[in-house]
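For reference, structure16.csv is printed below; it contains CSV, C-alpha atoms and all ligand atoms.
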```csv
chain,number,residue,atom,x,y,z
A,1396,MET,CA,-15.9,-32.7,-17.3
A,1397,LEU,CA,-12.3,-31.6,-17.0
A,1398,LEU,CA,-9.7,-33.9,-18.4
A,1399,SER,CA,-6.0,-33.4,-18.4
A,1400,LEU,CA,-3.8,-34.8,-21.2
A,1401,PRO,CA,-0.3,-35.4,-19.7
A,1402,ASP,CA,2.6,-35.2,-22.1
A,1403,LEU,CA,0.5,-34.3,-25.1
A,1404,LEU,CA,3.7,-32.8,-26.6
A,1405,SER,CA,7.1,-34.4,-26.1
A,1406,PRO,CA,9.8,-32.4,-24.3
A,1407,GLU,CA,11.4,-31.8,-27.7
A,1408,GLN,CA,8.2,-30.5,-29.3
A,1409,THR,CA,7.6,-28.3,-26.2
A,1410,ARG,CA,11.1,-26.8,-26.5
A,1411,GLU,CA,10.7,-26.3,-30.2
A,1412,CYS,CA,7.4,-24.4,-29.6
A,1413,ARG,CA,8.9,-22.3,-26.8
A,1414,THR,CA,12.0,-21.3,-28.8
A,1415,ALA,CA,9.9,-20.2,-31.7
A,1416,LEU,CA,7.3,-18.3,-29.5
A,1417,GLU,CA,10.1,-16.4,-27.7
A,1418,GLN,CA,11.1,-14.8,-31.0
A,1419,ALA,CA,7.6,-14.4,-32.4
A,1420,SER,CA,5.8,-11.1,-33.2
A,1421,TRP,CA,3.0,-10.7,-30.7
A,1422,VAL,CA,0.0,-8.4,-30.9
A,1423,ASP,CA,-2.6,-7.2,-28.4
A,1424,GLY,CA,-5.0,-10.1,-27.6
A,1425,ARG,CA,-8.0,-7.7,-27.8
A,1426,GLU,CA,-7.8,-7.8,-31.6
A,1427,THR,CA,-9.4,-11.2,-31.6
A,1428,ALA,CA,-11.7,-10.9,-28.6
A,1429,GLY,CA,-15.5,-10.8,-29.0
A,1430,HIS,CA,-17.3,-7.6,-27.9
A,1431,VAL,CA,-17.9,-8.7,-24.4
A,1432,ALA,CA,-14.5,-10.5,-23.8
A,1433,VAL,CA,-12.6,-7.4,-25.1
A,1434,GLY,CA,-13.3,-5.6,-21.8
A,1435,VAL,CA,-11.6,-8.3,-19.7
A,1436,LYS,CA,-8.8,-9.5,-22.0
A,1437,ASN,CA,-5.3,-8.4,-21.2
A,1438,ASN,CA,-2.7,-10.5,-22.9
A,1439,GLN,CA,-0.9,-10.9,-26.2
A,1440,GLN,CA,-1.6,-13.3,-29.1
A,1441,LEU,CA,0.0,-14.4,-32.3
A,1442,PRO,CA,-2.0,-13.0,-35.4
A,1443,LEU,CA,-4.3,-15.7,-36.7
A,1444,ASP,CA,-2.6,-15.6,-40.1
A,1445,ASP,CA,0.9,-15.8,-38.7
A,1446,PRO,CA,2.7,-18.7,-40.5
A,1447,LEU,CA,4.4,-19.6,-37.2
A,1448,ALA,CA,0.9,-20.1,-35.6
A,1449,ARG,CA,0.0,-22.4,-38.5
A,1450,GLN,CA,3.3,-24.4,-38.3
A,1451,LEU,CA,3.1,-24.9,-34.5
A,1452,GLY,CA,-0.6,-25.5,-34.7
A,1453,GLN,CA,0.1,-28.5,-37.0
A,1454,VAL,CA,2.5,-29.9,-34.4
A,1455,ILE,CA,-0.3,-29.8,-31.8
A,1456,LEU,CA,-3.0,-31.1,-34.2
A,1457,GLN,CA,-0.8,-34.1,-35.1
A,1458,ALA,CA,-0.1,-34.8,-31.4
A,1459,LEU,CA,-3.9,-34.7,-30.7
A,1460,SER,CA,-4.7,-37.1,-33.5
A,1461,ARG,CA,-2.2,-39.6,-31.9
A,1462,ASN,CA,-3.7,-39.2,-28.4
A,1463,PRO,CA,-6.2,-41.9,-27.7
A,1464,LEU,CA,-7.5,-40.1,-24.6
A,1465,PHE,CA,-8.3,-36.9,-26.5
A,1466,MET,CA,-9.9,-38.8,-29.4
A,1467,ALA,CA,-12.1,-40.9,-27.0
A,1468,ALA,CA,-13.1,-37.9,-24.8
A,1469,ALA,CA,-13.6,-35.2,-27.5
A,1470,LEU,CA,-14.9,-37.4,-30.4
A,1471,PRO,CA,-13.7,-34.5,-32.6
A,1472,GLN,CA,-15.5,-33.7,-35.8
A,1473,ARG,CA,-13.6,-30.4,-36.6
A,1474,ILE,CA,-10.8,-28.6,-34.7
A,1475,LEU,CA,-10.2,-24.9,-35.1
A,1476,PRO,CA,-6.5,-24.1,-35.9
A,1477,PRO,CA,-4.7,-23.7,-32.6
A,1478,ARG,CA,-4.0,-20.1,-31.4
A,1479,PHE,CA,-1.1,-18.9,-29.2
A,1480,ASN,CA,-1.0,-16.5,-26.3
A,1481,ARG,CA,1.4,-14.9,-23.9
A,1482,TYR,CA,0.8,-13.3,-20.5
A,1483,GLU,CA,3.3,-11.2,-18.5
A,1484,GLY,CA,3.5,-8.1,-16.3
A,1485,GLY,CA,0.1,-8.6,-14.6
A,1486,GLY,CA,-1.5,-9.9,-17.8
A,1487,ASN,CA,-4.8,-11.7,-17.2
A,1488,TYR,CA,-8.1,-12.6,-18.7
A,1489,GLY,CA,-11.3,-12.0,-16.6
A,1490,PHE,CA,-14.2,-14.4,-16.4
A,1491,HIS,CA,-15.9,-15.0,-19.7
A,1492,ILE,CA,-17.5,-17.7,-21.8
A,1493,ASP,CA,-15.9,-18.3,-25.3
A,1494,ASN,CA,-17.8,-17.5,-28.5
A,1495,SER,CA,-20.1,-20.4,-29.5
A,1496,ILE,CA,-19.4,-20.2,-33.3
A,1497,PHE,CA,-16.0,-19.6,-34.9
A,1498,GLN,CA,-15.4,-18.9,-38.6
A,1499,VAL,CA,-12.4,-21.0,-39.8
A,1500,PRO,CA,-9.9,-18.5,-41.1
A,1501,GLY,CA,-9.7,-18.5,-44.9
A,1502,ASP,CA,-12.6,-21.0,-45.2
A,1503,THR,CA,-16.3,-20.9,-45.5
A,1504,GLN,CA,-16.6,-23.5,-42.7
A,1505,ARG,CA,-17.7,-22.7,-39.2
A,1506,ILE,CA,-17.0,-24.5,-36.0
A,1507,ARG,CA,-19.2,-24.8,-32.9
A,1508,SER,CA,-17.0,-24.6,-29.8
A,1509,ASP,CA,-18.2,-27.7,-27.9
A,1510,ILE,CA,-14.9,-28.3,-26.2
A,1511,SER,CA,-12.0,-25.9,-25.2
A,1512,THR,CA,-8.5,-27.0,-24.9
A,1513,THR,CA,-5.5,-25.2,-23.4
A,1514,VAL,CA,-1.9,-26.5,-23.9
A,1515,PHE,CA,0.5,-25.2,-21.3
A,1516,LEU,CA,3.8,-24.2,-22.9
A,1517,SER,CA,5.6,-22.8,-19.8
A,1518,ASP,CA,6.4,-24.8,-16.7
A,1519,PRO,CA,4.6,-23.8,-13.5
A,1520,ASP,CA,7.9,-22.6,-11.8
A,1521,GLU,CA,8.6,-20.2,-14.7
A,1522,TYR,CA,5.8,-17.8,-13.7
A,1523,GLU,CA,3.7,-16.7,-10.7
A,1524,GLY,CA,-0.1,-16.6,-11.1
A,1525,GLY,CA,-1.5,-17.4,-14.6
A,1526,GLU,CA,-3.8,-20.2,-13.3
A,1527,LEU,CA,-6.7,-21.2,-15.5
A,1528,ILE,CA,-9.8,-21.1,-13.3
A,1529,ILE,CA,-12.7,-23.1,-14.7
A,1530,GLN,CA,-16.2,-23.1,-13.1
A,1531,ASP,CA,-17.9,-26.3,-13.7
A,1532,THR,CA,-20.7,-28.3,-12.0
A,1533,TYR,CA,-18.3,-29.4,-9.2
A,1534,GLY,CA,-17.2,-25.8,-8.4
A,1535,GLU,CA,-14.1,-23.9,-9.2
A,1536,GLN,CA,-11.1,-25.8,-10.6
A,1537,ARG,CA,-7.7,-24.2,-10.7
A,1538,VAL,CA,-5.4,-25.5,-13.4
A,1539,LYS,CA,-1.7,-25.0,-13.9
A,1540,LEU,CA,0.0,-27.9,-15.6
A,1541,PRO,CA,3.6,-28.7,-16.7
A,1542,ALA,CA,4.7,-27.5,-20.1
A,1543,GLY,CA,3.5,-30.0,-22.8
A,1544,HIS,CA,0.4,-31.0,-20.9
A,1545,ALA,CA,-3.1,-29.9,-21.8
A,1546,ILE,CA,-6.5,-29.5,-20.2
A,1547,VAL,CA,-9.8,-30.2,-22.0
A,1548,TYR,CA,-13.0,-28.7,-20.7
A,1549,PRO,CA,-16.5,-27.9,-21.9
A,1550,GLY,CA,-16.9,-24.9,-24.1
A,1551,THR,CA,-19.9,-23.9,-21.9
A,1552,SER,CA,-17.8,-23.2,-18.9
A,1553,LEU,CA,-17.1,-19.8,-17.4
A,1554,HIS,CA,-13.4,-19.4,-17.0
A,1555,ARG,CA,-10.5,-16.9,-16.5
A,1556,VAL,CA,-6.8,-16.6,-16.2
A,1557,THR,CA,-5.3,-15.0,-13.1
A,1558,PRO,CA,-2.7,-12.2,-13.4
A,1559,VAL,CA,0.8,-13.3,-14.2
A,1560,THR,CA,2.8,-11.4,-11.7
A,1561,ARG,CA,6.3,-12.8,-12.5
A,1562,GLY,CA,7.8,-14.4,-15.6
A,1563,VAL,CA,6.0,-15.2,-18.8
A,1564,ARG,CA,3.2,-17.7,-19.4
A,1565,TYR,CA,3.0,-19.1,-23.0
A,1566,GLY,CA,0.1,-21.3,-24.1
A,1567,SER,CA,-1.9,-22.6,-27.0
A,1568,PHE,CA,-5.7,-22.8,-27.0
A,1569,PHE,CA,-8.3,-24.0,-29.5
A,1570,TRP,CA,-11.8,-25.2,-29.9
A,1571,THR,CA,-13.2,-28.5,-31.0
A,1572,GLN,CA,-16.6,-29.3,-32.5
A,1573,SER,CA,-17.5,-32.8,-31.3
A,1574,LEU,CA,-19.6,-35.4,-33.0
A,1575,VAL,CA,-21.6,-35.4,-29.7
A,1576,ARG,CA,-22.6,-31.8,-28.7
A,1577,ASP,CA,-23.9,-32.6,-25.2
A,1578,ASN,CA,-21.2,-32.7,-22.5
A,1579,GLU,CA,-23.0,-35.4,-20.4
A,1580,ARG,CA,-23.5,-37.7,-23.3
A,1581,ARG,CA,-19.9,-37.4,-24.3
A,1582,ALA,CA,-18.9,-38.1,-20.7
A,1583,LEU,CA,-21.1,-41.3,-20.6
A,1584,LEU,CA,-19.5,-42.5,-23.9
A,1585,LEU,CA,-16.0,-42.0,-22.5
A,1586,SER,CA,-16.9,-43.8,-19.3
A,1587,GLN,CA,-18.2,-46.8,-21.3
A,1588,ASP,CA,-15.2,-46.7,-23.7
A,1589,VAL,CA,-12.8,-46.8,-20.7
A,1590,ALA,CA,-14.7,-49.6,-19.1
A,1591,ILE,CA,-14.7,-51.7,-22.3
A,1592,GLN,CA,-10.9,-51.2,-22.6
A,1593,ARG,CA,-10.4,-52.4,-19.1
A,1594,LEU,CA,-12.5,-55.5,-19.6
A,1595,ILE,CA,-10.5,-56.3,-22.7
A,1596,GLN,CA,-7.3,-56.0,-20.8
A,1597,ALA,CA,-8.6,-58.1,-18.0
A,1598,GLY,CA,-9.4,-60.9,-20.6
A,1599,ALA,CA,-13.2,-60.6,-20.2
A,1600,ASP,CA,-15.6,-62.9,-22.1
A,1601,PRO,CA,-15.4,-61.7,-25.8
A,1602,GLU,CA,-19.1,-62.0,-26.4
A,1603,THR,CA,-19.9,-59.7,-23.5
A,1604,VAL,CA,-17.2,-57.3,-24.7
A,1605,ALA,CA,-18.8,-57.4,-28.2
A,1606,GLN,CA,-22.2,-56.7,-26.8
A,1607,LEU,CA,-21.0,-53.7,-24.7
A,1608,THR,CA,-19.0,-52.4,-27.7
A,1609,GLY,CA,-22.2,-52.6,-29.8
A,1610,VAL,CA,-24.1,-50.6,-27.1
A,1611,TYR,CA,-21.3,-47.9,-27.3
A,1612,HIS,CA,-21.6,-47.7,-31.1
A,1613,ASN,CA,-25.4,-47.6,-31.0
A,1614,LEU,CA,-25.4,-44.8,-28.5
A,1615,LEU,CA,-22.8,-42.9,-30.7
A,1616,ARG,CA,-25.0,-43.5,-33.7
A,1617,MET,CA,-28.0,-42.1,-31.8
A,1618,TRP,CA,-26.3,-39.1,-30.5
A,1619,SER,CA,-23.7,-38.0,-33.1
A,1620,GLU,CA,-24.3,-35.3,-35.7
A,1621,LEU,CA,-22.3,-35.2,-38.9
B,1701,NI,NI,-11.6,-18.2,-23.1
```
Output the structure of this file as structure tokens.
Amino acid sequence: MLLSLPDLLSPEQTRECRTALEQASWVDGRETAGHVAVGVKNNQQLPLDDPLARQLGQVILQALSRNPLFMAAALPQRILPPRFNRYEGGGNYGFHIDNSIFQVPGDTQRIRSDISTTVFLSDPDEYEGGELIIQDTYGEQRVKLPAGHAIVYPGTSLHRVTPVTRGVRYGSFFWTQSLVRDNERRALLLSQDVAIQRLIQAGADPETVAQLTGVYHNLLRMWSEL
């Protein structure tokens, strides 16, 4: 399931990120790639221990925690600190699947990458190319969103970024370990959650709403891992 989060960041937050990233110290993205991805990765990245990455990452994590759609869709248990990348001059990232397990920097904790998220930090008219192509069960999806918007997709998906042939594309990306590992179960829970919210808004019978809400929680209890 692909899900876009419109206006995850406010225009002010997006501008703040952009201004900081334009002056940041970028390094070759291959330094953080796994041994297979390294052959297809051609971009720049902020070092994982860069204080700027931590500071801007906090802005994104706070925005996520206030985003009901992300919370309902991802059912996050742990989120890896957001990373930042930059593509220009033909920079691209060939087809790959992200690593399944990530070590949390400076921590003994590990995170299973159930869900991938990309936050677009450049507007589509600022660069040519740079589309995120995701292969999912419904075929190939091409994603290029306004700055401040995000796309959420299963960590199991094959994906790539097409060459940026003009301008610069800035973005943030990170992985979430969900309470519910299975993509289809998570999609069912989201669908039920959305339907319950609609029933409440339509003034549906409270007992029926309570019963459906109970089913939601019982499924979550059955499927979640802590
Ligand atoms: Ni990737």
Counting only C-alpha atoms, what is within 8 Å of range 1584-1586 of chain A, bar same-chain residues fewer than 5 positions away, as an mmCIF file with C-alpha atoms, keeping the file's coordinate frame?
```
data_model
loop_
_atom_site.group_PDB
_atom_site.id
_atom_site.type_symbol
_atom_site.label_atom_id
_atom_site.label_comp_id
_atom_site.auth_asym_id
_atom_site.auth_seq_id
_atom_site.Cartn_x
_atom_site.Cartn_y
_atom_site.Cartn_z
ATOM 1 C CA ALA A 1467 -12.100 -40.900 -27.000
ATOM 2 C CA ALA A 1468 -13.100 -37.900 -24.800
ATOM 3 C CA TYR A 1611 -21.300 -47.900 -27.300
ATOM 4 C CA LEU A 1614 -25.400 -44.800 -28.500
ATOM 5 C CA LEU A 1615 -22.800 -42.900 -30.700
#
```
Which of A:Ile1492, A:Leu1397, A:Pro1476, A:Thr1571 sits closest to Gly1534 in chain A [using only C-alpha atoms]: A:Leu1397
Residue neighbourhood Pro1549 in chain A, 7 Å, only C-alpha atoms, exclusion window fewer than 3 positions, as a list in words: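 Once the nearby chain positions are removed, what remains is Met1396, Asp1509, Ile1510, Ser1511, Ser1552 and Asn1578 of chain A.
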Give the residue list for ligand NI 1701 (chain B) at 10 Å, counting only C-alpha atoms and all ligand atoms, as a PDB file with C-alpha atoms, keeping the file's coordinate frame, sorted by chain and then by residue number.
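The resulting file, selection04.pdb, is shown below:
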```
ATOM      1  CA  ALA A1428     -11.700 -10.900 -28.600  1.00  0.00           C
ATOM      2  CA  ALA A1432     -14.500 -10.500 -23.800  1.00  0.00           C
ATOM      3  CA  LYS A1436      -8.800  -9.500 -22.000  1.00  0.00           C
ATOM      4  CA  TYR A1488      -8.100 -12.600 -18.700  1.00  0.00           C
ATOM      5  CA  GLY A1489     -11.300 -12.000 -16.600  1.00  0.00           C
ATOM      6  CA  PHE A1490     -14.200 -14.400 -16.400  1.00  0.00           C
ATOM      7  CA  HIS A1491     -15.900 -15.000 -19.700  1.00  0.00           C
ATOM      8  CA  ILE A1492     -17.500 -17.700 -21.800  1.00  0.00           C
ATOM      9  CA  ASP A1493     -15.900 -18.300 -25.300  1.00  0.00           C
ATOM     10  CA  ASN A1494     -17.800 -17.500 -28.500  1.00  0.00           C
ATOM     11  CA  SER A1511     -12.000 -25.900 -25.200  1.00  0.00           C
ATOM     12  CA  THR A1512      -8.500 -27.000 -24.900  1.00  0.00           C
ATOM     13  CA  THR A1513      -5.500 -25.200 -23.400  1.00  0.00           C
ATOM     14  CA  LEU A1527      -6.700 -21.200 -15.500  1.00  0.00           C
ATOM     15  CA  ILE A1529     -12.700 -23.100 -14.700  1.00  0.00           C
ATOM     16  CA  GLY A1550     -16.900 -24.900 -24.100  1.00  0.00           C
ATOM     17  CA  SER A1552     -17.800 -23.200 -18.900  1.00  0.00           C
ATOM     18  CA  LEU A1553     -17.100 -19.800 -17.400  1.00  0.00           C
ATOM     19  CA  HIS A1554     -13.400 -19.400 -17.000  1.00  0.00           C
ATOM     20  CA  ARG A1555     -10.500 -16.900 -16.500  1.00  0.00           C
ATOM     21  CA  VAL A1556      -6.800 -16.600 -16.200  1.00  0.00           C
ATOM     22  CA  PHE A1568      -5.700 -22.800 -27.000  1.00  0.00           C
ATOM     23  CA  PHE A1569      -8.300 -24.000 -29.500  1.00  0.00           C
ATOM     24  CA  TRP A1570     -11.800 -25.200 -29.900  1.00  0.00           C
TER      25      TRP A1570
END
```
Pick from A:Ser1460, A:Ser1495, A:Thr1414, A:Gln1450, whichever lies nearest to Gln1572 in chain A using only C-alpha atoms: A:Ser1495
Gap from CA of Arg1473 in chain A to CA of Ser1405 in chain A - Å, one decimal: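 About the pair CA of Arg1473 in chain A and CA of Ser1405 in chain A: they are 23.6 Å apart.
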Pairwise distance for CA of Val1499 in chain A and CA of Gln1457 in chain A, rounded to one decimal in Å: 18.1 Å
Counting all atoms listed in the file, the residue of A:Leu1447, A:Ile1474, A:Asp1577, A:Glu1521 that sits nearest Arg1505 in chain A: A:Ile1474
Since the input has fewer atoms than a full residue there, write range 1420-1431 of chain A out with N, CA and C atoms, as an mmCIF file, in the coordinates of the input.
```
data_model
loop_
_atom_site.group_PDB
_atom_site.id
_atom_site.type_symbol
_atom_site.label_atom_id
_atom_site.label_comp_id
_atom_site.auth_asym_id
_atom_site.auth_seq_id
_atom_site.Cartn_x
_atom_site.Cartn_y
_atom_site.Cartn_z
ATOM 1 N N SER A 1420 6.298 -12.447 -33.263
ATOM 2 C CA SER A 1420 5.800 -11.100 -33.200
ATOM 3 C C SER A 1420 4.359 -11.110 -32.625
ATOM 4 N N TRP A 1421 4.250 -10.652 -31.390
ATOM 5 C CA TRP A 1421 3.000 -10.700 -30.700
ATOM 6 C C TRP A 1421 2.177 -9.454 -30.852
ATOM 7 N N VAL A 1422 0.863 -9.596 -30.829
ATOM 8 C CA VAL A 1422 0.000 -8.400 -30.900
ATOM 9 C C VAL A 1422 -0.980 -8.439 -29.722
ATOM 10 N N ASP A 1423 -1.645 -7.312 -29.496
ATOM 11 C CA ASP A 1423 -2.600 -7.200 -28.400
ATOM 12 C C ASP A 1423 -3.727 -8.236 -28.594
ATOM 13 N N GLY A 1424 -3.982 -9.030 -27.549
ATOM 14 C CA GLY A 1424 -5.000 -10.100 -27.600
ATOM 15 C C GLY A 1424 -6.401 -9.572 -27.863
ATOM 16 N N ARG A 1425 -6.630 -8.274 -27.586
ATOM 17 C CA ARG A 1425 -8.000 -7.700 -27.800
ATOM 18 C C ARG A 1425 -8.432 -7.719 -29.210
ATOM 19 N N GLU A 1426 -7.458 -7.802 -30.130
ATOM 20 C CA GLU A 1426 -7.800 -7.800 -31.600
ATOM 21 C C GLU A 1426 -8.688 -8.958 -31.964
ATOM 22 N N THR A 1427 -8.592 -10.066 -31.222
ATOM 23 C CA THR A 1427 -9.400 -11.200 -31.600
ATOM 24 C C THR A 1427 -10.498 -11.539 -30.609
ATOM 25 N N ALA A 1428 -10.719 -10.636 -29.644
ATOM 26 C CA ALA A 1428 -11.700 -10.900 -28.600
ATOM 27 C C ALA A 1428 -13.125 -10.510 -29.145
ATOM 28 N N GLY A 1429 -14.154 -11.214 -28.673
ATOM 29 C CA GLY A 1429 -15.500 -10.800 -29.000
ATOM 30 C C GLY A 1429 -15.857 -9.535 -28.216
ATOM 31 N N HIS A 1430 -17.017 -8.921 -28.482
ATOM 32 C CA HIS A 1430 -17.300 -7.600 -27.900
ATOM 33 C C HIS A 1430 -17.439 -7.570 -26.419
ATOM 34 N N VAL A 1431 -17.806 -8.687 -25.810
ATOM 35 C CA VAL A 1431 -17.900 -8.700 -24.400
ATOM 36 C C VAL A 1431 -16.529 -9.032 -23.749
#
```
